[in-house]
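The next block holds one structure in the form of structure tokens; read it before the comments.
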Amino acid sequence: MMAESCGKWLTRLLVGLMLVMLCGSAYAKELRVGVDTSFVPFEFKGKDGKYTGFDVDLWKAIAEKAGLEYKLIPMDFNGLIPGLTTGNLDVALAAIFIKASREKAIDFSHPYFRAGLKVMVRADNSDITSPQDLAGKVVAVKTGTATVDYVETLGAKKLIKFPNIDQAYLEVVTGGADAAVHDTPNVLFYVKQVGRDRVKAVGPDVKAAYYGI
């Protein structure tokens, strides 16, 4: 039953995506697929040097089902949408939140994953327990993401923007920022796998939205 549901979901996603691609006249060629390979567990480079993760596996399944030829092109997240609008990319695959402001410039597939934002602080930080506590604090974020817009509404003292989210997390670990805010799956993965005993996730998920291709 679960396999059947997944198959139907993949078919719906594939049909919607192909309609978008056909409108852009990108279907009958090797597709240039932009990816942000610093977003574990959705896109990252494995120990074998190959790109892997949820998004990469999802795209592989779509491409196989549709008979698409493609090439993965790694880049910083903030280069993906400009790459689409200038025609340098055909597809962007990087856990991109579907936002009305983005839909003015690019087309999205059907949504495929829902995620919120999460705050990460040093393990010894007891001052910040929720997003509201970021007022007057120094916050590290990833350039070009929905997080930037959200944190700007919280009254943070300063936003430090990085092209790579790992740099933002390191800024917290080394004391250069009071907190980092990013997509919940990535924050939780970092806390558990990389930042053990040095950082922690605090507060509820906020601003939940859907990812699209």
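Residue numbers start at 1 in each chain; chains themselves are named A, B, ... in the order of the structure tokens; ligands are numbered from 1 in the order shown.
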
### Query
So which residues touch segment 45-53 of chain A within 12 Å, counting only C-alpha atoms, skipping near sequence neighbours fewer than 3 positions away, as a list in words?
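With the cut-off at 12 Å, the set is Gly34, Val35, Asp36, Thr37, Ser38, Phe39, Val40, Pro41, Phe42, Val56, Asp57, Leu58, Trp59, Lys60, Lys71, Leu72, Ile73, Pro74, Leu93, Ala94, Ala95 and Asn186 of chain A.
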
### Residue neighbourhood segment 156-172 of chain A, 6 Å, only C-alpha atoms, exclusion window fewer than 6 positions, as a PyMOL selection string
chain A and resi 76+134-143+178-179

### Task
Using DSSP on the backbone coordinates, identify the residues of chain A assigned to strand (DSSP E); present them as a ChimeraX atom specification.
/A:31-35,38-39,43-45,51-52,70-74,91-93,96-97,113-122,138-142,158-162,179-183,199-212

### Computed interatomic separation between atom CA of Ser101 of chain A and atom CA of Gly212 of chain A (Å)
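Atom-to-atom, atom CA of Ser101 of chain A to atom CA of Gly212 of chain A, that is 13.8 Å.
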
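The shell of residues at most 10 Å from Gly83 of chain A, with only C-alpha atoms counted and near chain neighbours (fewer than 5 positions) removed, consists of Arg32, Val33, Gly34, Met75, Asn78, Asn88, Leu89, Asp90, Val91 and Ala92 of chain A.
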
Export C-alpha atoms of the chosen residues as a PDB file, in the first residue's frame?
```pdb
ATOM      1  CA  ARG A  32      21.527  21.235 -16.279  1.00  0.00           C
ATOM      2  CA  VAL A  33      20.416  20.582 -12.705  1.00  0.00           C
ATOM      3  CA  GLY A  34      21.702  23.005 -10.075  1.00  0.00           C
ATOM      4  CA  MET A  75      26.760  25.759  -6.561  1.00  0.00           C
ATOM      5  CA  ASN A  78      21.959  31.980  -3.753  1.00  0.00           C
ATOM      6  CA  ASN A  88      22.170  28.784 -17.235  1.00  0.00           C
ATOM      7  CA  LEU A  89      20.186  26.114 -15.376  1.00  0.00           C
ATOM      8  CA  ASP A  90      17.151  24.107 -16.421  1.00  0.00           C
ATOM      9  CA  VAL A  91      16.290  22.749 -12.978  1.00  0.00           C
ATOM     10  CA  ALA A  92      17.170  23.708  -9.403  1.00  0.00           C
TER      11      ALA A  92
END
```

### Query
Which one is closest to Ile128 of chain A: A:Tyr190, A:Asp205, A:Lys104, A:Ala180? Count only C-alpha atoms.
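Checking each candidate against Ile128 of chain A, we get A:Ala180 as the closest.
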
### Message
With only C-alpha atoms as the counted atoms, please give the residues lying no more than 9 Å from Ile81 of chain A, apart from itself and same-chain residues fewer than 4 positions off, as a PyMOL selection string.
### Response
chain A and resi 77+85-86+89+92+102+105-106

How would the residues just picked look written out with C-alpha atoms as a CSV table (one decimal), in the first residue's frame?
```
chain,number,residue,atom,x,y,z
A,77,PHE,CA,22.2,28.3,-2.9
A,85,THR,CA,16.2,33.1,-14.7
A,86,THR,CA,19.3,33.6,-16.9
A,89,LEU,CA,20.2,26.1,-15.4
A,92,ALA,CA,17.2,23.7,-9.4
A,102,ARG,CA,9.9,33.3,-6.0
A,105,ALA,CA,10.5,34.6,-11.4
A,106,ILE,CA,10.5,30.8,-11.6
```

### Task
For Val202 of chain A, list every protein, DNA or RNA residue within 9 Å, evaluated using only C-alpha atoms, and leave out those in the same chain fewer than 6 positions away; present the list as a list of chain:residue names.
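Residues near the query, excluding close chain neighbours: A:Lys118, A:Val119, A:Met120, A:Val121, A:Ile128, A:Thr129, A:Ser130, A:Pro131.
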
### Task
as number ranges by chain, please: all residues of segment 7-209 of chain A that backbone DSSP puts in alpha helix (DSSP H).
A: 7-23, 54-66, 80-85, 100-103, 146-152, 165-173, 184-193

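For the set A:Val191, A:Asp197, A:Gly176, A:Thr145, the residue with the smallest atom-to-atom gap to Gly79 of chain A is A:Thr145, counting only C-alpha atoms.
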
### Task
Using only C-alpha atoms, pick whichever of A:Lys192, A:Arg122, A:Lys99, A:Arg114 has the shortest atom-to-atom distance to Ala146 of chain A.
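Checking each of A:Lys192, A:Arg122, A:Lys99, A:Arg114 against Ala146 of chain A, counting only C-alpha atoms, the winner is A:Lys99.
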
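The spacing separating atom CA of Gly155 of chain A from atom CA of Lys207 of chain A amounts to 16.4 Å.
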
### Query
Smallest atom-to-atom distance to Ala63 of chain A: which of A:Leu31, A:Leu84, A:Val181, A:Val148, using only C-alpha atoms?
A:Leu31

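Here atom CA of Tyr211 of chain A stands at a distance of 7.6 Å from atom CA of Ala115 of chain A.
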
### Message
Give me, as an NGL selection string, all polymer residues having an atom no more than 12 Å from Phe113 of chain A, counting only C-alpha atoms and skipping those fewer than 5 positions away in the same chain.
### Response
:A and (9 or 13 or 42 or 54-55 or 58 or 94-98 or 183-185 or 208-213)
